[in-house]
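Below is one structure, written out as structure tokens; the observations come after it.
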Amino acid sequence: MSSRKKTLLKVIILGDSGVGKTSLMQQFVNSKFSHQYKATIGADFLTKEITIDNGKQVTLQIWDTAGQERFQSLGVAFYRGADCCVLCYDVTNEKSLNNLASWKDEFLIQSNASNPADFPFIIIGNKIDVDESKKIPSLQKKLNNITNNQLGGLNYPVFETSAKDAINVEPAFEVVAKMALQQEELNDAGNDVNDDYNDAINIHLESEGSGCAC
Amino acid sequence: MSLYEAPATTTGHLALPTDKTHSRSGSSYSGNYSFINMYDCPSPGSSHAVDPTVESELEELHLTEELNSAKRLGEVAEVDEGDEGDGQGQGQGQGQEADEDSSVKESDTSDSKDGTIVGSDTSGTNAGSQVSATMVGSSSVLSLARNSNISVSTRTSSIPFDPTSSILDISDQAVHDQVLKSNFDRYGFKKPSSEGSNGVSGERYNTWFKDYSRYLERNKKKWQALMKNNGLGEAESRTKPPNRFPPKSDKVKKLIRKGIPAEWRGNAWFFYAGGHEKLNKHTGVYEQIVRDTEGVHNKDTEVIERDLNRTFPDNIYFNKSLETKHLKDSQLNSSAGKEETQSIKSLRRVLVAFAHYQPHIGYCQSLNFLAGLLLLFMREERCFWMLVILTERIIPKVHSANLEGVHIDQGVLMLCIKEYIPQLWGILGKNFEGETLSEDKILTRLPPVTLVTSSWFMSVFVGNLPIETTLRVWDILWYEGSKSIFRISLTICKMCLEDTAFNSRGNVGSGAEIDQIELFQFMQNYPKTIIDPNILIDNCFKKIGGYGFGSLSQDEINKCREFVGKQRARLTSKKQSVMKAEMSDEERRALQSSGFDGEIHDVYGFHRSIMSGVAWNKNISNRMKKKWKK
């Protein structure tokens, strides 16, 4: 892994259907917004090279996913090896806010992250361009409630964005990049002592053993 | 220049089109064609409008047919010996005009008037002028086509609107030229602009379209001859789409693979998929469901609502704002696009009704694309039953709540790639970590490429392939069944492999993550460039010079599906029993992610003689290619 020529950071965007995952990705990567995005089936991704403030060049590989619950079972293949996960909700849709925790849990199960408690998540509330009256009432309170109780009281960075008007999208992804880089370096450092890849193989052997015993 | 002057209420219905009749601008084969009236426009819900006695006679007629075809209709019965023997659907073509309808007569009268306007309206448009100018022209041809449909009708129905009228008949020279000039294709899809990175530019589209439309003309003549030989009213087929088609046979199959004339598509798909049988068995059911589900709010309708405008935002029948976009591009905002088109309303009703009728499926994203495309070719009720047929018989469980069918079919596809395109499997059959998946791991941990290919199955290529190519695949799908999806998928995969761009990537392919990702992206974008359907179809089916995937039989697919399904079931039960054992969350997670790879020992054995057939074909074709080169 240290043999990689350039630093590739894998980012997964999760969240309910229609919260604007595709729009966020498109806005960040291509600086454009369209009313004409189609519902995402399966998964899609785009890459963007950015420079982080310490001058380090990284390639962000951003995975956009289908939001409907049943599609989660298809995601296994690309959750693995993620360096950061973006949890999205729609500031006009309370349900999407309430689902953040289940997206997080599902991700941790499928990604087999080696340090689930420390895995970097970031929360994005999208569509702040809409009329104030349409927004979730007392949003801040509800969001705090969710991060404290369901997301384990962890201080994940929270951004409110508008993919449509390009508000806060770039800053959010800059943070994503930094967090992902940190995670990647952490993984690389850990690889010398306890390579998570080898780890997986060990576990595999064990499980086979226990399977036979049954 | 509003596209839809439709009555705001859902009770008034648009009485049908047909007057897409255009005064012909003379062309060589004109004689027969003056005032072509392509569209059988059964009035919405017309099967209910039909004289009840006629209906009951039809029922009787169908009773015997149904007995005959009961076997064919069964899930297992989607069997076909290799590439032969399509004899089974004999006789299903009788007495199926339940939907034929008198409304055609009404609309027949408004003939050339609109047509001439189409012509003159655009004659002034300088072909070389700016985008906006062509846009005006394009909108007008479509809007006129639509407006002309909007004759006042006093008949009421809860199922208004027949969108089949959207297909422009390009054998009419004026329309043909118009499609060329327009920014929209004949189905109302916005032609790809040059900005589009993935697809195909409008220019390339036009170059191709000129050739392809000549092909379509020749092809339609073949269809007309076929109809005539089968005693199916020649006159009928000249004036409106036939409702009956010849029984299945090798000859018909061949012609189907060459493509069904666009303006006959809806009826032909419906006919060969067994739609008439289904509909006649369930008379009035759709209307009832629509009534029952009106105003319902639940988990499914929530997702449906979000997807309605995300289905064909690039189609003028689904997105009204496209029409006005050239006028106020800058101020195009949500309000401009808010006005709902009739197609959107139909789409909502169909999807909500479907979710209600098939509760084990409910609503699954991608059904919107399937229903959306069907709605361009047939009216709501038929569209609904086609969705039922697709999800019950052709790709069962693919859209079910756990997407089990997707996993199974992807497993089957991967086994097929491994068997038939081993070279490609060497590249794709790896996980993102670059680890080559052995046979026993394929099914537990599908390779990443299945994220691309699963969408091919769920959407049956809608949005994956260019529209015209998708339609040709659909022609085959409704006639030949699910094996077509596998055959076409394999063909696309092999075309990828043979593409030089892929090879340059593939060679780098040490399996490093970054290469896997690039290949993934390539596989995802490549199908969008297959603008010429004939290349895809020929590659798939041609015995000489093609890949020979036409010999992958439904029987083989079904067996393979069964195998994969069983393996997965075994795995699941094993998983569950292990999971019940006491262990920490961490252990459980580790175990889960290890994928239980060791648990699968069975290996599927393909019918080898088929393989040798492919090899043989390949061999011959290579020799032939060399010969031709000389």
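Ordering of the structure tokens sets the chain letters (A, B, ...); residue numbers start at 1 within each chain; ligands are numbered from 1 in the order shown.
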
Item to check | Filtered DSSP result for region 67-115 of chain A, state helix (DSSP H, G or I), as a list in words | outcome: Glu69, Arg70, Phe71, Gln72, Ser73, Leu74, Val76, Ala77, Phe78, Tyr79, Glu94, Lys95, Ser96, Leu97, Asn98, Leu100, Ala101, Ser102, Trp103, Lys104, Asp105, Glu106, Phe107, Leu108, Ile109, Gln110 and Ser111 of chain A

Item to check | Selection near Gly67 (chain A), 8 Å with only C-alpha atoms, sequence-local residues under 3 positions removed, as a list in words | outcome: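 In the requested form, the answer reads Leu14, Gly15, Asp16, Ser17, Gly18, Thr40 and Phe71 of chain A.
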
Checklist entry - Separation of CA of Arg487 (chain B) and CA of Val388 (chain B), in Å? => result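 Between CA of Arg487 (chain B) and CA of Val388 (chain B) the gap works out to 22.5 Å.
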
Next on the checklist: Report as a list in words all protein, DNA and RNA residues lying within 8 Å of region 78-85 of chain A, evaluated on only C-alpha atoms, omitting residues in the same chain fewer than 4 positions from it.
Outcome noted: Leu9, Lys10, Val11, Ile12, Ile13, Leu14, Phe107, Gln110, Ser111, Asn112, Ala113, Phe119, Pro120, Phe121, Ile122, Val176, Met179, Ala180, Leu181, Gln183 and Glu184 of chain A; Phe432 and Pro448 of chain B

Please produce, as JSON lines, a per-residue contact table for chain B versus chain A (criterion: any atom at most 6 Å away, only C-alpha atoms considered), showing the nearest atom pair and its distance in Å to one decimal, sorted by chain then residue number.
```
{"residue": "B:Arg310", "atom": "CA", "partner": "A:Lys38", "partner_atom": "CA", "distance": 4.4}
{"residue": "B:Thr311", "atom": "CA", "partner": "A:Lys38", "partner_atom": "CA", "distance": 5.6}
{"residue": "B:Pro313", "atom": "CA", "partner": "A:Gln36", "partner_atom": "CA", "distance": 4.9}
{"residue": "B:Ala401", "atom": "CA", "partner": "A:Arg70", "partner_atom": "CA", "distance": 5.9}
{"residue": "B:Asn402", "atom": "CA", "partner": "A:Arg70", "partner_atom": "CA", "distance": 5.8}
{"residue": "B:Pro448", "atom": "CA", "partner": "A:Ala77", "partner_atom": "CA", "distance": 5.3}
{"residue": "B:Leu451", "atom": "CA", "partner": "A:Gly42", "partner_atom": "CA", "distance": 5.4}
{"residue": "B:Ser455", "atom": "CA", "partner": "A:Gly42", "partner_atom": "CA", "distance": 5.7}
{"residue": "B:Ser594", "atom": "CA", "partner": "A:His204", "partner_atom": "CA", "distance": 5.6}
```

Checklist entry - Quick one: distance from CA of Gln567 (chain B) to CA of Glu106 (chain A) in Å, one decimal? => result 24.4 Å

Item to check | Expected answer as number ranges by chain: strand (DSSP E) residues in region 31-209 of chain A | outcome: A: 43-51, 57-65, 84-90, 121-126, 158-160

Could you give me, as a short mmCIF file (atom, residue, chain, number, x, y, z; two decimals) with N, CA, C and O atoms, in the first residue's frame, the residues within 9 Å of Asn98 (chain A), counting only C-alpha atoms and dropping anything in the same chain fewer than 3 positions from it?
```
data_model
loop_
_atom_site.label_atom_id
_atom_site.label_comp_id
_atom_site.auth_asym_id
_atom_site.auth_seq_id
_atom_site.Cartn_x
_atom_site.Cartn_y
_atom_site.Cartn_z
N TYR A 89 -27.93 14.24 4.93
CA TYR A 89 -29.38 14.33 5.10
C TYR A 89 -29.86 15.59 4.40
O TYR A 89 -29.08 16.40 3.93
N GLU A 94 -37.01 15.35 7.69
CA GLU A 94 -36.63 14.91 9.03
C GLU A 94 -36.24 13.43 9.06
O GLU A 94 -35.35 13.02 9.80
N LYS A 95 -36.92 12.67 8.24
CA LYS A 95 -36.63 11.24 8.22
C LYS A 95 -35.17 10.99 7.82
O LYS A 95 -34.50 10.12 8.38
N ALA A 101 -27.91 7.63 11.79
CA ALA A 101 -27.25 6.63 12.62
C ALA A 101 -27.27 5.25 11.96
O ALA A 101 -26.28 4.51 12.02
N SER A 102 -28.38 4.93 11.31
CA SER A 102 -28.42 3.60 10.71
C SER A 102 -27.49 3.52 9.50
O SER A 102 -26.91 2.47 9.22
N LYS A 142 -32.45 18.94 17.17
CA LYS A 142 -32.63 17.55 16.77
C LYS A 142 -31.30 16.94 16.34
O LYS A 142 -31.01 15.77 16.64
N LEU A 143 -30.55 17.73 15.62
CA LEU A 143 -29.25 17.23 15.15
C LEU A 143 -28.35 16.92 16.34
O LEU A 143 -27.71 15.86 16.39
N ILE A 146 -29.32 13.80 18.00
CA ILE A 146 -28.91 12.60 17.26
C ILE A 146 -27.42 12.34 17.41
O ILE A 146 -27.00 11.21 17.67
#
```

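When only C-alpha atoms are used to compute distances to Phe33 (chain A), the closest of the residues A:Pro137, A:Gly152, A:Gly20, A:Pro171 turns out to be A:Gly20.
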
Checklist entry - Got a sec: who's within 12 Å of Lys48 (chain A), counting only C-alpha atoms, leaving out chain neighbours fewer than 2 positions off, as a count of residues only? => result 27

Item to check | Nearest-residue call for Lys494 (chain B), choices B:Arg393, B:Lys418, B:Lys253, B:Arg561, using only C-alpha atoms | outcome: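 With only C-alpha atoms as the atom set, the closest residue is B:Lys418.
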